[in-house]
>>> print(open('input-v9.cif').read())   # mmCIF, C-alpha atoms
data_target
loop_
_atom_site.group_PDB
_atom_site.id
_atom_site.type_symbol
_atom_site.label_atom_id
_atom_site.label_comp_id
_atom_site.auth_asym_id
_atom_site.auth_seq_id
_atom_site.Cartn_x
_atom_site.Cartn_y
_atom_site.Cartn_z
ATOM 1 C CA MET A 216 129.825 136.140 33.132
ATOM 2 C CA ALA A 217 128.679 133.336 35.435
ATOM 3 C CA THR A 218 125.367 131.828 34.439
ATOM 4 C CA ARG A 219 122.594 131.057 36.860
ATOM 5 C CA GLY A 220 123.469 128.006 38.914
ATOM 6 C CA SER A 221 127.212 128.420 38.486
ATOM 7 C CA ASN A 222 129.573 127.681 41.384
ATOM 8 C CA LEU A 223 132.091 130.283 40.229
ATOM 9 C CA GLU A 224 130.917 132.891 42.736
ATOM 10 C CA LYS A 225 130.952 130.528 45.721
ATOM 11 C CA ASN A 226 133.709 130.565 48.339
ATOM 12 C CA PRO A 227 134.741 126.916 48.860
ATOM 13 C CA PHE A 228 136.155 127.688 52.329
ATOM 14 C CA LYS A 229 132.939 129.159 53.697
ATOM 15 C CA LYS A 230 131.194 125.993 54.935
ATOM 16 C CA ALA A 231 134.350 124.715 56.598
ATOM 17 C CA MET A 232 134.962 128.011 58.386
ATOM 18 C CA GLU A 233 131.338 128.177 59.530
ATOM 19 C CA SER A 234 131.396 124.661 61.001
ATOM 20 C CA GLY A 235 132.756 125.875 64.333
ATOM 21 C CA TYR A 236 134.956 128.525 65.890
ATOM 22 C CA THR A 237 137.675 126.066 66.924
ATOM 23 C CA VAL A 238 137.947 124.572 63.442
ATOM 24 C CA SER A 239 138.049 127.993 61.783
ATOM 25 C CA GLY A 240 140.958 128.976 64.009
ATOM 26 C CA GLN A 241 142.829 125.775 63.205
ATOM 27 C CA ILE A 242 142.393 126.253 59.457
ATOM 28 C CA SER A 243 143.486 129.874 59.629
ATOM 29 C CA GLN A 244 146.565 129.086 61.723
ATOM 30 C CA PHE A 245 147.643 126.303 59.361
ATOM 31 C CA VAL A 246 147.528 128.674 56.378
ATOM 32 C CA ASP A 247 149.393 131.370 58.299
ATOM 33 C CA ASP A 248 152.117 128.934 59.366
ATOM 34 C CA THR A 249 152.525 127.511 55.859
ATOM 35 C CA LEU A 250 152.761 130.935 54.231
ATOM 36 C CA ASN A 251 155.334 131.947 56.816
ATOM 37 C CA ALA A 252 157.438 128.832 56.194
ATOM 38 C CA ASN A 253 157.443 129.399 52.415
ATOM 39 C CA GLN A 254 158.101 133.135 52.187
ATOM 40 C CA GLY A 255 161.474 132.462 50.583
ATOM 41 C CA VAL A 256 159.952 130.494 47.693
ATOM 42 C CA ASP A 257 158.510 133.563 45.979
ATOM 43 C CA THR A 258 158.146 137.241 46.912
ATOM 44 C CA ARG A 259 154.437 136.988 46.125
ATOM 45 C CA ILE A 260 154.057 134.387 48.898
ATOM 46 C CA ALA A 261 155.848 136.751 51.262
ATOM 47 C CA ASP A 262 153.374 139.451 50.269
ATOM 48 C CA LEU A 263 150.448 137.088 50.910
ATOM 49 C CA TYR A 264 151.846 136.299 54.361
ATOM 50 C CA THR A 265 152.149 140.007 55.180
ATOM 51 C CA ILE A 266 148.507 140.495 54.213
ATOM 52 C CA TYR A 267 147.154 137.393 55.929
ATOM 53 C CA LYS A 268 149.109 137.510 59.206
ATOM 54 C CA PRO A 269 146.981 140.274 60.841
ATOM 55 C CA ILE A 270 143.815 138.509 59.657
ATOM 56 C CA ASN A 271 144.918 135.297 61.386
ATOM 57 C CA ILE A 272 145.838 137.187 64.542
ATOM 58 C CA GLY A 273 142.389 138.773 64.470
ATOM 59 C CA ILE A 274 140.408 135.535 64.249
ATOM 60 C CA ASN A 275 142.423 133.703 66.903
ATOM 61 C CA LYS A 276 142.260 136.674 69.256
ATOM 62 C CA ALA A 277 138.484 136.755 68.771
ATOM 63 C CA ILE A 278 138.201 132.992 69.421
ATOM 64 C CA ILE A 279 140.231 133.254 72.625
ATOM 65 C CA GLY A 280 138.075 136.157 73.773
ATOM 66 C CA HIS A 281 134.851 134.332 72.934
ATOM 67 C CA ASN A 282 135.870 131.180 74.784
ATOM 68 C CA ALA A 283 137.029 133.173 77.780
ATOM 69 C CA SER A 284 133.741 135.062 77.801
ATOM 70 C CA PHE A 285 131.706 131.857 77.541
ATOM 71 C CA ASN A 286 133.680 130.213 80.327
ATOM 72 C CA GLN A 287 133.361 133.325 82.466
ATOM 73 C CA ARG A 288 129.611 133.317 81.910
ATOM 74 C CA THR A 289 129.531 129.662 82.941
ATOM 75 C CA ALA A 290 131.553 130.491 86.047
ATOM 76 C CA GLU A 291 129.236 133.362 86.949
ATOM 77 C CA THR A 292 126.237 131.089 86.438
ATOM 78 C CA THR A 293 127.758 128.545 88.808
ATOM 79 C CA ASP A 294 128.410 131.265 91.395
ATOM 80 C CA ILE A 295 124.870 132.578 91.333
ATOM 81 C CA GLU A 296 123.322 129.107 91.424
ATOM 82 C CA THR A 297 125.465 128.212 94.436
ATOM 83 C CA PHE A 298 124.367 131.430 96.094
ATOM 84 C CA GLU A 299 120.683 130.798 95.357
ATOM 85 C CA ALA A 300 120.910 127.275 96.738
ATOM 86 C CA GLY A 301 121.678 128.872 100.107
ATOM 87 C CA ILE A 302 118.724 131.296 100.100
ATOM 88 C CA PRO A 303 116.305 129.003 102.024
ATOM 89 C CA ALA A 304 118.784 128.578 104.889
ATOM 90 C CA GLU A 305 119.489 132.312 104.928
ATOM 91 C CA VAL A 306 115.784 133.167 104.976
ATOM 92 C CA LYS A 307 115.278 130.912 108.003
ATOM 93 C CA ILE A 308 117.868 133.005 109.847
ATOM 94 C CA TRP A 309 115.951 136.162 108.962
ATOM 95 C CA TRP A 310 112.716 134.556 110.121
ATOM 96 C CA LYS A 311 114.222 133.668 113.503
ATOM 97 C CA LYS A 312 115.470 137.220 113.993
ATOM 98 C CA LEU A 313 112.066 138.602 113.050
ATOM 99 C CA THR A 314 110.075 136.284 115.338
ATOM 100 C CA ALA A 315 112.455 137.088 118.194
ATOM 101 C CA VAL A 316 110.956 140.597 118.066
ATOM 102 C CA TYR A 317 107.465 140.097 116.625
ATOM 103 C CA ASP A 318 105.493 136.920 117.267
ATOM 104 C CA GLU A 319 104.278 134.926 114.301
ATOM 105 C CA GLY A 320 100.727 135.914 113.371
ATOM 106 C CA THR A 321 100.869 139.469 114.718
ATOM 107 C CA THR A 322 99.993 142.378 112.436
ATOM 108 C CA LYS A 323 103.592 143.550 112.255
ATOM 109 C CA TYR A 324 104.809 140.025 111.473
ATOM 110 C CA ASN A 325 102.226 139.620 108.714
ATOM 111 C CA THR A 326 103.168 143.001 107.241
ATOM 112 C CA LEU A 327 106.850 142.148 107.051
ATOM 113 C CA TRP A 328 106.567 138.449 106.198
ATOM 114 C CA ALA A 329 103.583 138.333 103.822
ATOM 115 C CA GLY A 330 103.853 135.265 101.592
ATOM 116 C CA GLY A 331 105.984 133.269 104.020
ATOM 117 C CA ASN A 332 109.568 132.092 103.680
ATOM 118 C CA THR A 333 109.269 130.878 100.090
ATOM 119 C CA SER A 334 108.191 134.319 98.911
ATOM 120 C CA PHE A 335 111.909 135.180 98.995
ATOM 121 C CA TYR A 336 112.882 132.455 96.498
ATOM 122 C CA LYS A 337 111.566 129.867 94.008
ATOM 123 C CA LYS A 338 110.641 132.671 91.611
ATOM 124 C CA SER A 339 112.561 134.698 89.059
ATOM 125 C CA ARG A 340 115.754 136.331 90.251
ATOM 126 C CA GLN A 341 114.259 139.779 89.879
ATOM 127 C CA SER A 342 111.208 138.703 91.894
ATOM 128 C CA ASN A 343 113.476 137.361 94.631
ATOM 129 C CA ILE A 344 115.415 140.618 94.683
ATOM 130 C CA ASP A 345 112.224 142.672 94.735
ATOM 131 C CA ARG A 346 110.880 140.672 97.685
ATOM 132 C CA MET A 347 114.074 141.187 99.687
ATOM 133 C CA SER A 348 114.038 144.889 98.837
ATOM 134 C CA THR A 349 110.447 145.100 100.054
ATOM 135 C CA LEU A 350 111.461 143.635 103.414
ATOM 136 C CA VAL A 351 114.246 146.203 103.801
ATOM 137 C CA THR A 352 111.828 149.027 102.973
ATOM 138 C CA ALA A 353 109.137 147.687 105.328
ATOM 139 C CA ILE A 354 111.581 147.483 108.239
ATOM 140 C CA GLY A 355 112.447 151.110 107.657
ATOM 141 C CA ALA A 356 113.533 152.883 110.843
ATOM 142 C CA ASP A 357 112.367 150.116 113.190
ATOM 143 C CA ALA A 358 115.296 150.070 115.636
ATOM 144 C CA SER A 359 114.333 146.657 117.009
ATOM 145 C CA LEU A 360 115.009 145.143 113.548
ATOM 146 C CA ALA A 361 118.053 147.242 112.643
ATOM 147 C CA ALA A 362 120.373 144.232 112.799
ATOM 148 C CA LEU A 363 118.072 142.196 110.553
ATOM 149 C CA LYS A 364 117.839 145.091 108.086
ATOM 150 C CA THR A 365 121.638 145.274 107.809
ATOM 151 C CA ILE A 366 121.921 141.531 107.208
ATOM 152 C CA VAL A 367 119.274 141.586 104.469
ATOM 153 C CA GLU A 368 120.803 144.679 102.832
ATOM 154 C CA ASN A 369 124.250 143.065 102.662
ATOM 155 C CA TYR A 370 122.832 139.796 101.346
ATOM 156 C CA LEU A 371 120.775 141.684 98.765
ATOM 157 C CA ALA A 372 123.829 143.628 97.584
ATOM 158 C CA THR A 373 125.730 140.382 96.976
ATOM 159 C CA TYR A 374 122.772 138.893 95.107
ATOM 160 C CA LYS A 375 122.470 141.947 92.867
ATOM 161 C CA SER A 376 126.202 141.896 92.175
ATOM 162 C CA LEU A 377 126.102 138.261 91.048
ATOM 163 C CA VAL A 378 123.103 138.856 88.806
ATOM 164 C CA ALA A 379 124.778 141.927 87.277
ATOM 165 C CA ALA A 380 127.960 139.960 86.578
ATOM 166 C CA GLN A 381 126.046 137.179 84.868
ATOM 167 C CA THR A 382 124.020 139.674 82.826
ATOM 168 C CA SER A 383 127.254 141.309 81.662
ATOM 169 C CA ASP A 384 128.635 137.918 80.584
ATOM 170 C CA LYS A 385 125.450 137.134 78.659
ATOM 171 C CA THR A 386 125.845 140.398 76.773
ATOM 172 C CA SER A 387 129.478 139.670 75.936
ATOM 173 C CA VAL A 388 128.692 136.217 74.499
ATOM 174 C CA GLN A 389 126.971 137.412 71.356
ATOM 175 C CA THR A 390 124.773 135.191 69.228
ATOM 176 C CA GLY A 391 124.610 137.521 66.220
ATOM 177 C CA LYS A 392 127.290 139.354 64.235
ATOM 178 C CA SER A 393 129.749 139.589 67.122
ATOM 179 C CA ASP A 394 133.467 140.313 66.926
ATOM 180 C CA ILE A 395 134.236 136.635 66.398
ATOM 181 C CA ASP A 396 131.823 136.343 63.476
ATOM 182 C CA ILE A 397 133.263 139.453 61.845
ATOM 183 C CA ALA A 398 136.803 138.112 62.307
ATOM 184 C CA ARG A 399 135.813 134.736 60.897
ATOM 185 C CA ASP A 400 134.227 136.342 57.826
ATOM 186 C CA ALA A 401 137.428 138.307 57.265
ATOM 187 C CA ALA A 402 139.513 135.128 57.569
ATOM 188 C CA THR A 403 137.188 133.236 55.204
ATOM 189 C CA ASN A 404 137.589 135.896 52.544
ATOM 190 C CA GLY A 405 141.301 136.012 53.329
ATOM 191 C CA LEU A 406 141.681 132.294 52.604
ATOM 192 C CA TRP A 407 140.051 132.762 49.224
ATOM 193 C CA TYR A 408 142.366 135.693 48.497
ATOM 194 C CA VAL A 409 145.429 133.627 49.491
ATOM 195 C CA TYR A 410 144.299 130.704 47.335
ATOM 196 C CA SER A 411 143.798 132.978 44.337
ATOM 197 C CA GLY A 412 147.230 134.511 44.886
ATOM 198 C CA LEU A 413 148.875 131.110 45.136
ATOM 199 C CA LEU A 414 147.312 130.072 41.833
ATOM 200 C CA MET A 415 149.300 132.876 40.181
ATOM 201 C CA VAL A 416 152.471 131.579 41.818
ATOM 202 C CA TYR A 417 152.011 127.936 40.903
ATOM 203 C CA LEU A 418 150.583 128.109 37.388
ATOM 204 C CA PRO A 419 150.385 125.660 35.687
ATOM 205 C CA GLU A 420 150.832 123.277 38.665
ATOM 206 C CA VAL A 421 147.914 124.740 40.588
ATOM 207 C CA SER A 422 147.541 121.628 42.772
ATOM 208 C CA LYS A 423 150.603 122.813 44.691
ATOM 209 C CA ALA A 424 148.527 125.683 46.056
ATOM 210 C CA LEU A 425 146.438 123.176 47.998
ATOM 211 C CA ALA A 426 149.479 122.262 50.106
ATOM 212 C CA TYR A 427 149.012 125.596 51.878
ATOM 213 C CA PHE A 428 145.632 124.488 53.222
ATOM 214 C CA PRO A 429 144.649 121.652 55.629
ATOM 215 C CA MET A 430 142.442 120.080 52.978
ATOM 216 C CA GLU A 431 141.523 116.955 54.963
ATOM 217 C CA LEU A 432 140.291 119.131 57.826
ATOM 218 C CA ILE A 433 138.477 121.430 55.402
ATOM 219 C CA TYR A 434 136.705 118.533 53.699
ATOM 220 C CA LYS A 435 135.607 117.117 57.048
ATOM 221 C CA ALA A 436 134.707 120.499 58.530
ATOM 222 C CA ALA A 437 132.517 121.338 55.550
ATOM 223 C CA LYS A 438 130.160 118.664 56.849
ATOM 224 C CA ILE A 439 130.396 119.541 60.550
ATOM 225 C CA ARG A 440 128.195 121.892 62.545
ATOM 226 C CA GLU A 441 129.119 122.570 66.161
ATOM 227 C CA TYR A 442 126.776 124.217 68.664
ATOM 228 C CA ARG A 443 127.200 125.000 72.347
ATOM 229 C CA LEU A 444 124.345 125.944 74.646
ATOM 230 C CA LEU A 445 123.738 126.820 78.274
ATOM 231 C CA VAL A 446 120.408 125.454 79.504
ATOM 232 C CA PRO A 447 119.109 127.207 82.637
ATOM 233 C CA MET A 448 117.744 125.130 85.495
ATOM 234 C CA ALA A 449 114.197 123.802 85.036
ATOM 235 C CA SER A 450 113.970 124.895 81.391
ATOM 236 C CA SER A 451 114.275 123.769 77.791
ATOM 237 C CA ARG A 452 116.022 125.414 74.838
ATOM 238 C CA LYS A 453 116.307 124.864 71.085
ATOM 239 C CA ILE A 454 119.901 124.219 70.094
ATOM 240 C CA CYS A 455 119.556 123.798 66.294
ATOM 241 C CA SER A 456 117.385 122.531 63.449
ATOM 242 C CA ARG A 457 118.126 120.176 60.578
ATOM 243 C CA LYS A 458 116.331 118.379 57.780
ATOM 244 C CA TRP A 459 117.780 114.993 58.642
ATOM 245 C CA LYS A 460 119.440 112.796 56.060
ATOM 246 C CA THR A 461 120.423 109.143 56.118
ATOM 247 C CA GLY A 462 123.978 108.947 57.384
ATOM 248 C CA ASP A 463 123.852 111.991 59.661
ATOM 249 C CA LYS A 464 125.736 111.438 62.930
ATOM 250 C CA ILE A 465 125.804 113.394 66.183
ATOM 251 C CA GLU A 466 128.242 113.786 69.063
ATOM 252 C CA MET A 467 126.866 115.246 72.290
ATOM 253 C CA VAL A 468 129.084 116.329 75.179
ATOM 254 C CA ASN A 469 127.563 117.154 78.559
ATOM 255 C CA ASN A 470 129.978 119.674 80.032
ATOM 256 C CA ARG A 471 128.537 119.869 83.526
ATOM 257 C CA ASP A 472 127.417 117.830 86.504
ATOM 258 C CA VAL A 473 123.725 117.609 85.619
ATOM 259 C CA ASP A 474 121.753 115.218 83.398
ATOM 260 C CA LEU A 475 120.214 116.675 80.229
ATOM 261 C CA GLU A 476 117.360 115.461 78.024
ATOM 262 C CA ILE A 477 117.551 115.836 74.228
ATOM 263 C CA GLY A 478 114.668 115.302 71.827
ATOM 264 C CA LEU A 479 113.261 116.185 68.395
ATOM 265 C CA THR A 480 110.086 118.136 67.695
ATOM 266 C CA ALA A 481 108.326 119.466 64.605
ATOM 267 C CA ASP A 482 107.470 122.733 66.365
ATOM 268 C CA SER A 483 110.138 124.486 68.441
ATOM 269 C CA SER A 484 107.433 125.839 70.756
ATOM 270 C CA VAL A 485 106.209 122.313 71.569
ATOM 271 C CA LEU A 486 108.286 119.937 73.681
ATOM 272 C CA PRO A 487 109.264 116.520 72.276
ATOM 273 C CA THR A 488 107.280 113.484 73.377
ATOM 274 C CA THR A 489 110.364 111.277 73.734
ATOM 275 C CA TRP A 490 113.762 112.113 75.191
ATOM 276 C CA TYR A 491 117.335 110.834 75.117
ATOM 277 C CA THR A 492 119.110 111.168 78.473
ATOM 278 C CA LEU A 493 122.651 112.521 78.305
ATOM 279 C CA ALA A 494 124.209 111.762 81.666
ATOM 280 C CA ALA A 495 126.200 114.379 83.542
ATOM 281 C CA ASN A 496 129.810 114.820 82.359
ATOM 282 C CA SER A 497 129.391 112.263 79.568
ATOM 283 C CA THR A 498 129.818 112.034 75.797
ATOM 284 C CA ALA A 499 127.445 110.187 73.484
ATOM 285 C CA ASN A 500 127.715 109.381 69.781
ATOM 286 C CA VAL A 501 124.261 108.825 68.315
ATOM 287 C CA ILE A 502 122.202 109.020 65.147
ATOM 288 C CA PRO A 503 119.209 111.360 64.814
ATOM 289 C CA ALA A 504 116.742 108.485 65.244
ATOM 290 C CA ASP A 505 118.077 107.958 68.770
ATOM 291 C CA LEU A 506 116.667 111.377 69.669
ATOM 292 C CA GLY A 507 113.207 110.845 68.193
ATOM 293 C CA ALA A 508 111.317 110.834 64.899
ATOM 294 C CA THR A 509 113.589 112.157 62.150
ATOM 295 C CA THR A 510 110.640 113.861 60.461
ATOM 296 C CA ASN A 511 111.004 116.413 63.278
ATOM 297 C CA LYS A 512 113.756 118.932 62.591
ATOM 298 C CA PHE A 513 114.122 120.937 65.825
ATOM 299 C CA VAL A 514 116.581 119.730 68.498
ATOM 300 C CA ILE A 515 115.456 120.623 72.023
ATOM 301 C CA VAL A 516 117.578 120.303 75.173
ATOM 302 C CA LYS A 517 115.816 120.097 78.548
ATOM 303 C CA ASN A 518 117.284 120.555 82.010
ATOM 304 C CA ILE A 519 114.977 119.385 84.813
ATOM 305 C CA ASP A 520 117.458 120.136 87.592
ATOM 306 C CA LEU A 521 116.282 122.869 89.985
ATOM 307 C CA ILE A 522 119.745 124.077 90.987
ATOM 308 C CA THR A 523 122.316 123.695 88.205
ATOM 309 C CA THR A 524 122.457 125.155 84.692
ATOM 310 C CA GLY A 525 123.293 122.669 81.948
ATOM 311 C CA ASP A 526 126.031 123.100 79.344
ATOM 312 C CA ILE A 527 126.033 121.001 76.173
ATOM 313 C CA THR A 528 128.209 120.848 73.045
ATOM 314 C CA PHE A 529 126.232 119.410 70.137
ATOM 315 C CA THR A 530 128.195 118.474 66.994
ATOM 316 C CA LEU A 531 126.408 117.407 63.831
ATOM 317 C CA PHE A 532 128.298 115.415 61.204
ATOM 318 C CA GLU A 533 126.310 115.819 58.006
ATOM 319 C CA ALA A 534 125.981 112.901 55.617
#
>>> encode(input="input-v9.cif", output="C-alpha cells")
Amino acid sequence: MATRGSNLEKNPFKKAMESGYTVSGQISQFVDDTLNANQGVDTRIADLYTIYKPINIGINKAIIGHNASFNQRTAETTDIETFEAGIPAEVKIWWKKLTAVYDEGTTKYNTLWAGGNTSFYKKSRQSNIDRMSTLVTAIGADASLAALKTIVENYLATYKSLVAAQTSDKTSVQTGKSDIDIARDAATNGLWYVYSGLLMVYLPEVSKALAYFPMELIYKAAKIREYRLLVPMASSRKICSRKWKTGDKIEMVNNRDVDLEIGLTADSSVLPTTWYTLAANSTANVIPADLGATTNKFVIVKNIDLITTGDITFTLFEA
C-alpha cells in the first residue's frame, strides 16, 4: 500500500500531455507508430497496438476538430469585424435616404433617428442590432420609406447571421471538459497502460520500454504550458496565472495584425500598471520580469484596437 507522499499513484505522462494539445498529439502518435512498427517482436506488443490505435485516432481527431473550430471562430470574428467597420458608411446612406423624405429636425425625423447616426454602432452588437430593428419597426407601413426599410432589413439580416455564426463557433471551442480534453485524458491513461504492458514484455531490461516513447519531448513538455487566447477589440483578458520562479521563460506569438499589450497584476480584476507591447504578427521570447513585477501572478492581455480582435499564443517554459 502506498504511503502518504508516495509517487506510486502518479501518472508520469500527465504533465507532458497537459502541456498543450499539439504536444499531446505528437506524443500519442509517436507511441502509436512505434507500437505498430514492433508488433512482430511480441504478440503482447501487437495486443497493445490494437488497444491503443483507436485511442490515438481519437485524440488526433479531437485535436484536428478543435483547431479547425478555433480557426473558424477566428475567421468568423474577422468577418464580423470587417462588417462592423462598414456600419458608419452604411448608416450615412440610410440617413441620406431618410432626409430625402423628412427634413432633419422634423418630428418624424426625430422619431426615426433619435440618438443620431452613432446610435446604430459603437455599442454592443446586440445594442446595434436592437437599434436597427427599432428603425425598421418605426418605419412600419410608411410607403415613402419602403425602400429604406428593405435596405435596413437586409443589412440587419446579414448582421444577425454573422453574429449567430460567431456565437456558434464560441460554443464549439470549449474551455472546460470538451471532447478534446476527454480524448486527451483517455490517451494519457492509455500511455500509462502501454508502458505497464511493455514492462511485462521487457523484464528485466525495462529501459527498453522507454524506446516506445519520445522521452526527450516528454521531459521538455512536462515543463511547458501553452495557452491561446482571442482578445476582443478594446478589451483585456486574463490568459493564465503562475507563481513565478527564477529561470521561467516565455514565448509569445501575436497571430494577427494588431498590437497587443501584456502585463502582470496581483488581482485579475485590476489592470497592470506597466505593459509589454507585442507587435502585430511578431514573436517575442521574454522572461516574466519583462512583463512586470514577478510578485504578480496573473497575466493580462490587452487589445486597444477598436476594429480588430487580437489572437495570442502564450507558451510558458517552467524552470
>>> resolve_selection(input="input-v9.cif", expression="the PyMOL selection byres ((chain A and resi 249-257) around 12)", output="ChimeraX atom specification")
/A:242-248,258-268,271,406,409-410,412-413,415-417,424-429
>>> residues_around(input="input-v9.cif", residues="range 438-453 of chain A", least_positions_apart="3", cutoff="8 Å", atoms="only C-alpha atoms", output="PyMOL selection string")
chain A and resi 230-231+233-235+289+434-435+483+513-534
>>> closest_residue(input="input-v9.cif", among="A:Asp474, A:Asp357, A:Glu420, A:Asp345", to="Leu371 in chain A", atoms="only C-alpha atoms")
A:Asp345
>>> atom_distance(input="input-v9.cif", atom1="CA of Ile465 in chain A", atom2="CA of Ala499 in chain A")
8.1 Å
>>> residues_around(input="input-v9.cif", residues="range 501-503 of chain A", least_positions_apart="5", cutoff="9 Å", atoms="all atoms listed in the file", output="ChimeraX atom specification")
/A:459-460,462-467,479,508-509
>>> residues_around(input="input-v9.cif", residues="range 327-335 of chain A", least_positions_apart="2", cutoff="12 Å", atoms="all atoms listed in the file", output="compact mmCIF listing (two decimals) with C-alpha atoms, in the frame of the given file")
# COMPACT_ATOMS: atom_id res chain seq x y z
CA GLU A 299 120.68 130.80 95.36
CA GLY A 301 121.68 128.87 100.11
CA ILE A 302 118.72 131.30 100.10
CA PRO A 303 116.30 129.00 102.02
CA ALA A 304 118.78 128.58 104.89
CA GLU A 305 119.49 132.31 104.93
CA VAL A 306 115.78 133.17 104.98
CA LYS A 307 115.28 130.91 108.00
CA ILE A 308 117.87 133.00 109.85
CA TRP A 309 115.95 136.16 108.96
CA TRP A 310 112.72 134.56 110.12
CA LYS A 311 114.22 133.67 113.50
CA LYS A 312 115.47 137.22 113.99
CA LEU A 313 112.07 138.60 113.05
CA THR A 314 110.08 136.28 115.34
CA VAL A 316 110.96 140.60 118.07
CA TYR A 317 107.46 140.10 116.62
CA ASP A 318 105.49 136.92 117.27
CA GLU A 319 104.28 134.93 114.30
CA GLY A 320 100.73 135.91 113.37
CA THR A 321 100.87 139.47 114.72
CA THR A 322 99.99 142.38 112.44
CA LYS A 323 103.59 143.55 112.26
CA TYR A 324 104.81 140.02 111.47
CA ASN A 325 102.23 139.62 108.71
CA LYS A 337 111.57 129.87 94.01
CA LYS A 338 110.64 132.67 91.61
CA SER A 339 112.56 134.70 89.06
CA ARG A 340 115.75 136.33 90.25
CA GLN A 341 114.26 139.78 89.88
CA SER A 342 111.21 138.70 91.89
CA ASN A 343 113.48 137.36 94.63
CA ILE A 344 115.42 140.62 94.68
CA ASP A 345 112.22 142.67 94.74
CA ARG A 346 110.88 140.67 97.68
CA MET A 347 114.07 141.19 99.69
CA SER A 348 114.04 144.89 98.84
CA THR A 349 110.45 145.10 100.05
CA LEU A 350 111.46 143.64 103.41
CA VAL A 351 114.25 146.20 103.80
CA THR A 352 111.83 149.03 102.97
CA ALA A 353 109.14 147.69 105.33
CA ILE A 354 111.58 147.48 108.24
CA GLY A 355 112.45 151.11 107.66
CA ASP A 357 112.37 150.12 113.19
CA LEU A 360 115.01 145.14 113.55
CA LEU A 363 118.07 142.20 110.55
CA LYS A 364 117.84 145.09 108.09
CA VAL A 367 119.27 141.59 104.47
CA LEU A 371 120.78 141.68 98.76
>>> atom_distance(input="input-v9.cif", atom1="CA of Gly273 in chain A", atom2="CA of Ala402 in chain A")
8.3 Å
>>> decode(input="input-v9.cif", residues="range 251-256 of chain A", atoms="all heavy atoms", output="PDB file, in the first residue's frame")
ATOM      1  N   ASN A 251       3.181   0.028 -33.641  1.00  0.00           N
ATOM      2  CA  ASN A 251       2.859  -0.557 -34.939  1.00  0.00           C
ATOM      3  C   ASN A 251       4.096  -1.197 -35.580  1.00  0.00           C
ATOM      4  O   ASN A 251       4.038  -2.301 -36.129  1.00  0.00           O
ATOM      5  CB  ASN A 251       2.284   0.525 -35.852  1.00  0.00           C
ATOM      6  CG  ASN A 251       1.834  -0.016 -37.198  1.00  0.00           C
ATOM      7  OD1 ASN A 251       1.478  -1.187 -37.322  1.00  0.00           O
ATOM      8  ND2 ASN A 251       1.858   0.829 -38.207  1.00  0.00           N
ATOM      9  N   ALA A 252       5.222  -0.483 -35.493  1.00  0.00           N
ATOM     10  CA  ALA A 252       6.456  -0.963 -36.127  1.00  0.00           C
ATOM     11  C   ALA A 252       7.034  -2.191 -35.436  1.00  0.00           C
ATOM     12  O   ALA A 252       7.826  -2.929 -36.038  1.00  0.00           O
ATOM     13  CB  ALA A 252       7.489   0.161 -36.138  1.00  0.00           C
ATOM     14  N   ASN A 253       6.640  -2.427 -34.163  1.00  0.00           N
ATOM     15  CA  ASN A 253       7.233  -3.522 -33.396  1.00  0.00           C
ATOM     16  C   ASN A 253       6.237  -4.630 -33.047  1.00  0.00           C
ATOM     17  O   ASN A 253       6.485  -5.423 -32.130  1.00  0.00           O
ATOM     18  CB  ASN A 253       7.859  -2.979 -32.111  1.00  0.00           C
ATOM     19  CG  ASN A 253       9.114  -2.157 -32.372  1.00  0.00           C
ATOM     20  OD1 ASN A 253      10.208  -2.700 -32.519  1.00  0.00           O
ATOM     21  ND2 ASN A 253       8.950  -0.851 -32.446  1.00  0.00           N
ATOM     22  N   GLN A 254       5.143  -4.698 -33.780  1.00  0.00           N
ATOM     23  CA  GLN A 254       4.142  -5.729 -33.491  1.00  0.00           C
ATOM     24  C   GLN A 254       4.717  -7.141 -33.605  1.00  0.00           C
ATOM     25  O   GLN A 254       4.298  -8.052 -32.881  1.00  0.00           O
ATOM     26  CB  GLN A 254       2.961  -5.593 -34.456  1.00  0.00           C
ATOM     27  CG  GLN A 254       2.083  -4.389 -34.202  1.00  0.00           C
ATOM     28  CD  GLN A 254       0.847  -4.416 -35.069  1.00  0.00           C
ATOM     29  OE1 GLN A 254      -0.101  -5.148 -34.785  1.00  0.00           O
ATOM     30  NE2 GLN A 254       0.859  -3.631 -36.142  1.00  0.00           N
ATOM     31  N   GLY A 255       5.673  -7.317 -34.523  1.00  0.00           N
ATOM     32  CA  GLY A 255       6.236  -8.642 -34.730  1.00  0.00           C
ATOM     33  C   GLY A 255       7.189  -9.098 -33.640  1.00  0.00           C
ATOM     34  O   GLY A 255       7.546 -10.281 -33.577  1.00  0.00           O
ATOM     35  N   VAL A 256       7.609  -8.182 -32.767  1.00  0.00           N
ATOM     36  CA  VAL A 256       8.559  -8.540 -31.708  1.00  0.00           C
ATOM     37  C   VAL A 256       7.917  -9.466 -30.686  1.00  0.00           C
ATOM     38  O   VAL A 256       8.542 -10.429 -30.202  1.00  0.00           O
ATOM     39  CB  VAL A 256       9.090  -7.267 -31.015  1.00  0.00           C
ATOM     40  CG1 VAL A 256       9.959  -7.627 -29.808  1.00  0.00           C
ATOM     41  CG2 VAL A 256       9.875  -6.413 -32.002  1.00  0.00           C
TER      42      VAL A 256
END
